[in-house]
2 protein chains.
Amino acid sequence: MATLSTLMHLECSMCTKSFDAKQLINMCPTCQSPLFARYNLEKAKETMTPKALKERTHNTGSLWRYEEVLPIQQKDYMLSLGEGWTMLHHAKRLGDHIGCPNTFIKDEGTHNATGSFKARGLSVAVSRAYELGAKALSVPSAGNAAGATAAYAAAAGLQAHVYMPQDVPLVFRVECEQLGAHVTLVDGLINDCGQRAKRDAEKSSIQRFDLSTLKEPYRLEGKKTMGYELAEQLDWKLPDVIIYPTGGGTGLVGMWKAFSEMKQMGLLDGKRPRMVSVQSTGCAPIIRAFQEGKKHAEPWENAKTCADGLRVPVAVGDFLILDALRESGGTAVAVDDSEMFKYTKIMGSHTGIFPAPEGAACLAAQIKLLKSGWIKSDETVVLFNTGTGLKYFNIYTTM
Amino acid sequence: MATLSTLMHLECSMCTKSFDAKQLINMCPTCQSPLFARYNLEKAKETMTPKALKERTHNTGSLWRYEEVLPIQQKDYMLSLGEGWTMLHHAKRLGDHIGCPNTFIKDEGTHNATGSFKARGLSVAVSRAYELGAKALSVPSAGNAAGATAAYAAAAGLQAHVYMPQDVPLVFRVECEQLGAHVTLVDGLINDCGQRAKRDAEKSSIQRFDLSTLKEPYRLEGKKTMGYELAEQLDWKLPDVIIYPTGGGTGLVGMWKAFSEMKQMGLLDGKRPRMVSVQSTGCAPIIRAFQEGKKHAEPWENAKTCADGLRVPVAVGDFLILDALRESGGTAVAVDDSEMFKYTKIMGSHTGIFPAPEGAACLAAQIKLLKSGWIKSDETVVLFNTGTGLKYFNIYTTM
């Protein structure tokens, strides 16, 4: 059965050239920049109305509720394990504690298969690769993207080859193995994993489709649904500030794309939120570039942090992240590991959400910005907890 | 704002005496048996219709959709972190692999806060204790119930005291600590934890309400929603067989209660499923009692299994579990740890769900029952994966 997808074509985010979307494709063949999916939004808005959305539950509720602005053409290829439509918690006790009562947490640790927001990007990217005929997939990952790739590949019956740093916590490796993926550990960081994946793919007899973030068009599409959900859950009125932990930055770029699409569809009026990137003091390439007013970020040397998702020294979409921060009037904040430890327990004991360190980093950043006056106490602030703290429990045992 | 709850009173499951539901109460004061909540089902069925339910999403969807048959009276006390309304997966690839195409998995590992079905019982029990004025809670646990208690207590701002065996995997302890609970490790099993919790409570200056399963009336009410969801997700037609991993057995007893309530409300016709209890060969008190035709189960000596949730040597509700198995024409199956290891990966790689060993045990049991002919290949079978495999990753590293 056909979906309501209004996908039209792919467009390069840098040189704006168009490409056929009915092919397995990675980056722009001309300039090697990320490709964006473009939709017929005039058509999408006819069926994707606030009223129609209220009636969509799609089994238990998932990001597939926004099928008009997602790329899958046939329902049989929509892989579903629990991806998105996560809770937006009004964290009242926490908000009172920190003096910002309208503090919300978008909790990506529950309602997402494999316990992280990576399920969003990979449910859509694996579904689309499956629809377009891929037989084997390959991905470099700091940890969570590997698990999500393994899960959706298993759901579809595709081969998954995942590459992680050799010091990745054991839980990530076990998860991938039990989901049937082929796991390779690499002496290095996520960028080294990407290079190794590429070399292995060249030698493979079965062609492997590379799912590196922003190096194929559709993980971004899955991630952008965080923006759609936020709008729908806040009754189509966006918050004043969004605080987002930034590794590869696909979620931030995705939300920014979503806000633009929603505006074109007449789903939003009023101003867009100020976007805040949070990174670790041990790996802060975006923050440095933001502060120095640069268009691109230099690679970060000797990246080190307990928050695996933030240990990303080079982001393919750096210029897209920086554009979104600047266009939105946002900012960028560095948090050190000891603050992440401290604020994990503060968030946990005031909300019932055991966050990943990346989620705790957002709370630490919010408190800095409240202190400096950049956030006012009566503003509405959304923190993204990108995954469950369960996968990181080992970092608390060495304290 | 008032809920649609039709709660009337509490009734002893053994001596059938009635008690006022507007009090914090544990077991039947007369015969020390579990108390069941009773509702005005004639009234409940007026609003809780299949059509009305379709329109209930309650933020992201949760077990609170069944508020008519749950005990909370005021919406402000419904604590919500993601509890229930979990996915029912038609596991097509797995079903084809094992020769039973209509195999479904109810995946409690995603969509439940703290990654397990314990969120169901404890969301309802903590909410109700909060509504009735409790300030401090106490619970003995094999692991998952402690995490869920800590989470909902944190959401409400109540003190949580959790007691776990000292050899519980570290992840459970870290989770509780980061959620602000007071953790005590006990040299023994869950029943020993229960005794220690009781002793500590007697010495405490703030009264602690005991949330031991089936020793207060409302964890059962949370768990029974698995039965409601199953019916709703299968369009009000129950499966032929339900396979359920049985520790304390509250979920199985709860579903059996739900089927009875639904029948009285006219939501179900046709026959009820055959219920199958799965335990570990290292701790199988219910299976032994079932086979020996006994009303109660003797305590199991030297209980040992990697599946923490099955390491329950004595179940308060033993007679209720055994009644449900017998009334339904069901059975009881023991699975050893090596089978749980084997079937974890088979389930994982054929579905994308990384199950807890308890979930894998259900698949092992299904295969035994298919081989013996007790389950026919054209029957509809639902397996319960009670939690995410992530919390158990350490058991795979010692292999």
# chains A, B, ... in the order shown; residues from 1 in each chain; ligands from 1
>>> interface_residues(of="chain A", to="chain B", cutoff="7 Å", atoms="only C-alpha atoms", output="PyMOL selection string")
chain A and resi 55+59-61+82+85-87+110-113+151-152+154-155+171+174-175+178-180+344-345+348-354+390+393
>>> write_last_selection(atoms="N, CA, C and O atoms", output="short mmCIF file (atom, residue, chain, number, x, y, z; two decimals), in the first residue's frame")
data_model
loop_
_atom_site.label_atom_id
_atom_site.label_comp_id
_atom_site.auth_asym_id
_atom_site.auth_seq_id
_atom_site.Cartn_x
_atom_site.Cartn_y
_atom_site.Cartn_z
N GLU A 55 -5.60 12.10 15.10
CA GLU A 55 -6.24 10.78 14.95
C GLU A 55 -5.28 9.68 14.55
O GLU A 55 -5.66 8.54 14.34
N ASN A 59 -0.23 2.02 15.43
CA ASN A 59 0.13 1.09 16.51
C ASN A 59 0.35 1.88 17.79
O ASN A 59 -0.61 2.44 18.32
N THR A 60 1.53 2.04 18.27
CA THR A 60 1.72 2.75 19.54
C THR A 60 2.11 4.20 19.39
O THR A 60 2.40 4.87 20.36
N GLY A 61 2.15 4.68 18.17
CA GLY A 61 2.59 6.06 17.98
C GLY A 61 4.06 6.04 17.65
O GLY A 61 4.86 5.47 18.38
N GLY A 82 9.51 1.12 17.48
CA GLY A 82 9.43 2.16 18.51
C GLY A 82 10.46 3.22 18.14
O GLY A 82 11.64 3.07 18.47
N TRP A 85 7.95 9.89 18.60
CA TRP A 85 6.73 10.21 19.35
C TRP A 85 7.01 9.99 20.85
O TRP A 85 6.27 9.36 21.58
N THR A 86 8.16 10.53 21.24
CA THR A 86 8.64 10.43 22.62
C THR A 86 7.92 11.45 23.50
O THR A 86 7.33 12.41 23.00
N MET A 87 8.02 11.25 24.79
CA MET A 87 7.34 12.16 25.70
C MET A 87 8.03 13.51 25.78
O MET A 87 9.25 13.58 25.79
N THR A 110 13.30 6.81 26.37
CA THR A 110 12.15 5.90 26.38
C THR A 110 11.44 6.13 25.03
O THR A 110 11.61 7.16 24.43
N HIS A 111 10.66 5.16 24.58
CA HIS A 111 9.93 5.27 23.30
C HIS A 111 10.82 5.20 22.06
O HIS A 111 10.33 5.39 20.96
N ASN A 112 12.11 5.00 22.21
CA ASN A 112 12.97 4.78 21.05
C ASN A 112 13.66 3.42 21.19
O ASN A 112 14.31 3.17 22.21
N ALA A 113 13.53 2.56 20.19
CA ALA A 113 14.23 1.28 20.21
C ALA A 113 15.72 1.53 20.42
O ALA A 113 16.26 2.51 19.89
N ALA A 151 19.53 -2.92 14.84
CA ALA A 151 18.13 -3.25 15.12
C ALA A 151 17.27 -3.17 13.87
O ALA A 151 16.53 -4.11 13.55
N TYR A 152 17.37 -2.08 13.13
CA TYR A 152 16.50 -1.93 11.96
C TYR A 152 16.93 -2.85 10.82
O TYR A 152 16.09 -3.34 10.08
N ALA A 154 18.10 -5.84 11.34
CA ALA A 154 17.53 -7.13 11.74
C ALA A 154 16.03 -7.19 11.44
O ALA A 154 15.50 -8.21 11.00
N ALA A 155 15.36 -6.09 11.67
CA ALA A 155 13.92 -6.05 11.39
C ALA A 155 13.65 -6.29 9.91
O ALA A 155 12.68 -6.95 9.53
N VAL A 171 28.53 -2.52 26.56
CA VAL A 171 27.09 -2.68 26.33
C VAL A 171 26.73 -2.42 24.87
O VAL A 171 25.87 -3.10 24.30
N VAL A 174 27.79 -5.59 22.83
CA VAL A 174 26.89 -6.73 23.08
C VAL A 174 25.55 -6.51 22.38
O VAL A 174 25.01 -7.41 21.75
N GLU A 175 25.03 -5.31 22.48
CA GLU A 175 23.75 -5.00 21.83
C GLU A 175 23.81 -5.31 20.34
O GLU A 175 22.93 -6.00 19.79
N GLN A 178 24.06 -9.16 19.67
CA GLN A 178 22.82 -9.90 19.91
C GLN A 178 21.75 -9.56 18.87
O GLN A 178 20.81 -10.31 18.68
N LEU A 179 21.92 -8.43 18.21
CA LEU A 179 21.00 -8.07 17.13
C LEU A 179 21.50 -8.58 15.78
O LEU A 179 20.94 -8.28 14.73
N GLY A 180 22.58 -9.35 15.82
CA GLY A 180 23.03 -10.04 14.60
C GLY A 180 23.95 -9.25 13.70
O GLY A 180 24.23 -9.68 12.57
N THR A 344 23.38 14.80 36.10
CA THR A 344 22.63 13.56 35.86
C THR A 344 21.76 13.26 37.07
O THR A 344 20.56 13.00 36.96
N LYS A 345 22.36 13.32 38.24
CA LYS A 345 21.60 12.99 39.44
C LYS A 345 20.57 14.07 39.77
O LYS A 345 19.48 13.76 40.24
N GLY A 348 17.83 13.32 37.36
CA GLY A 348 17.21 12.04 37.73
C GLY A 348 16.32 12.15 38.96
O GLY A 348 15.17 11.71 38.94
N SER A 349 16.84 12.77 40.00
CA SER A 349 16.10 12.78 41.26
C SER A 349 14.98 13.81 41.28
O SER A 349 14.13 13.77 42.17
N HIS A 350 14.95 14.72 40.31
CA HIS A 350 13.86 15.71 40.25
C HIS A 350 12.83 15.42 39.17
O HIS A 350 11.87 16.17 39.01
N THR A 351 13.07 14.36 38.38
CA THR A 351 12.12 14.09 37.28
C THR A 351 11.74 12.62 37.15
O THR A 351 10.68 12.30 36.64
N GLY A 352 12.65 11.71 37.55
CA GLY A 352 12.43 10.29 37.28
C GLY A 352 13.03 9.84 35.96
O GLY A 352 12.93 8.68 35.59
N ILE A 353 13.68 10.76 35.25
CA ILE A 353 14.38 10.41 34.01
C ILE A 353 15.87 10.25 34.32
O ILE A 353 16.50 11.20 34.79
N PHE A 354 16.41 9.06 34.04
CA PHE A 354 17.86 8.82 34.21
C PHE A 354 18.49 9.15 32.85
O PHE A 354 18.40 8.37 31.92
N LEU A 390 21.12 4.32 31.07
CA LEU A 390 21.48 2.91 31.33
C LEU A 390 22.72 2.48 30.59
O LEU A 390 23.52 1.70 31.09
N PHE A 393 26.07 3.45 32.45
CA PHE A 393 26.15 3.27 33.90
C PHE A 393 27.60 3.09 34.36
O PHE A 393 27.95 3.44 35.48
#
>>> select_by_dssp(residues="region 27-206 of chain B", states="alpha helix (DSSP H)", output="ChimeraX atom specification")
/B:41-47,50-54,92-98,118-131,144-156,170-178,190-203
>>> residues_around(residues="region 20-25 of chain B", least_positions_apart="4", cutoff="12 Å", atoms="only C-alpha atoms", output="PyMOL selection string")
chain B and resi 6-12+29+32+34-39+71-73+125-135+137+207-212+214-218
>>> residues_around(residues="Cys15 (chain B)", least_positions_apart="2", cutoff="9 Å", atoms="only C-alpha atoms", output="list in words")
Glu11, Cys12, Ser13, Lys17, Cys28, Thr30, Cys31 and Ser33 of chain B
>>> atom_distance(atom1="CA of Gly247 (chain B)", atom2="CA of Phe384 (chain B)")
13.0 Å
>>> closest_residue(among="A:Met265, A:Leu238, A:Ala364, A:Ala315", to="Val278 (chain A)", atoms="only C-alpha atoms")
A:Ala364
>>> select_by_dssp(residues="region 28-173 of chain B", states="strand (DSSP E)", output="ChimeraX atom specification")
/B:35-39,87-90,103-107,136-140,159-165
>>> residues_around(residues="Gly359 (chain B)", least_positions_apart="6", cutoff="8 Å", atoms="only C-alpha atoms", output="ChimeraX atom specification")
/B:245,344,383-387
>>> atom_distance(atom1="CA of Thr213 (chain A)", atom2="CA of Ala334 (chain A)")
22.6 Å
>>> atom_distance(atom1="CA of Gly373 (chain A)", atom2="CA of His296 (chain A)")
28.1 Å
>>> residues_around(residues="Phe290 (chain A)", least_positions_apart="4", cutoff="8 Å", atoms="only C-alpha atoms", output="PyMOL selection string")
chain A and resi 286+294+322+331-332
>>> residues_around(residues="Thr305 (chain A)", least_positions_apart="4", cutoff="9 Å", atoms="only C-alpha atoms", output="JSON, numbers by chain")
{"A": [280, 281, 282, 283, 310, 311, 336, 337]}
>>> write_last_selection(atoms="all heavy atoms", output="CSV table (one decimal), in the first residue's frame")
chain,number,residue,atom,x,y,z
A,280,SER,N,31.1,19.1,24.8
A,280,SER,CA,32.0,18.8,26.0
A,280,SER,C,33.2,19.7,25.9
A,280,SER,O,33.7,20.0,24.8
A,280,SER,CB,32.4,17.4,26.0
A,280,SER,OG,33.6,17.2,26.8
A,281,THR,N,33.8,20.1,27.0
A,281,THR,CA,35.0,20.9,27.0
A,281,THR,C,36.1,20.1,26.4
A,281,THR,O,37.1,20.6,25.9
A,281,THR,CB,35.4,21.4,28.4
A,281,THR,OG1,35.4,20.2,29.3
A,281,THR,CG2,34.5,22.4,29.0
A,282,GLY,N,36.0,18.7,26.4
A,282,GLY,CA,37.0,17.9,25.8
A,282,GLY,C,36.8,17.6,24.4
A,282,GLY,O,37.7,17.0,23.7
A,283,CYS,N,35.8,18.2,23.7
A,283,CYS,CA,35.6,18.1,22.3
A,283,CYS,C,34.6,19.1,21.9
A,283,CYS,O,33.4,18.8,21.8
A,283,CYS,CB,35.1,16.6,21.9
A,283,CYS,SG,34.9,16.4,20.2
A,310,LEU,N,29.2,12.8,22.2
A,310,LEU,CA,29.8,14.1,21.9
A,310,LEU,C,31.2,14.0,21.5
A,310,LEU,O,31.9,15.0,21.2
A,310,LEU,CB,29.7,15.0,23.2
A,310,LEU,CG,28.3,15.3,23.7
A,310,LEU,CD1,28.3,16.2,25.0
A,310,LEU,CD2,27.4,16.0,22.6
A,311,ARG,N,31.7,12.8,21.4
A,311,ARG,CA,33.1,12.6,21.0
A,311,ARG,C,33.2,12.5,19.5
A,311,ARG,O,33.6,11.5,18.9
A,311,ARG,CB,33.6,11.3,21.7
A,311,ARG,CG,35.1,11.3,22.0
A,311,ARG,CD,35.5,10.2,23.0
A,311,ARG,NE,35.0,8.9,22.6
A,311,ARG,CZ,35.7,7.8,22.7
A,311,ARG,NH1,36.9,7.8,23.3
A,311,ARG,NH2,35.2,6.6,22.4
A,336,ASP,N,31.9,20.6,31.2
A,336,ASP,CA,32.8,19.5,31.4
A,336,ASP,C,32.2,18.3,32.0
A,336,ASP,O,31.1,18.3,32.5
A,336,ASP,CB,34.1,20.0,32.1
A,336,ASP,CG,33.9,20.4,33.5
A,336,ASP,OD1,33.1,19.7,34.2
A,336,ASP,OD2,34.5,21.3,34.0
A,337,ASP,N,33.0,17.2,32.0
A,337,ASP,CA,32.4,15.9,32.4
A,337,ASP,C,31.9,15.9,33.8
A,337,ASP,O,30.9,15.3,34.1
A,337,ASP,CB,33.5,14.8,32.2
A,337,ASP,CG,33.6,14.3,30.8
A,337,ASP,OD1,33.1,15.0,29.9
A,337,ASP,OD2,34.2,13.3,30.5
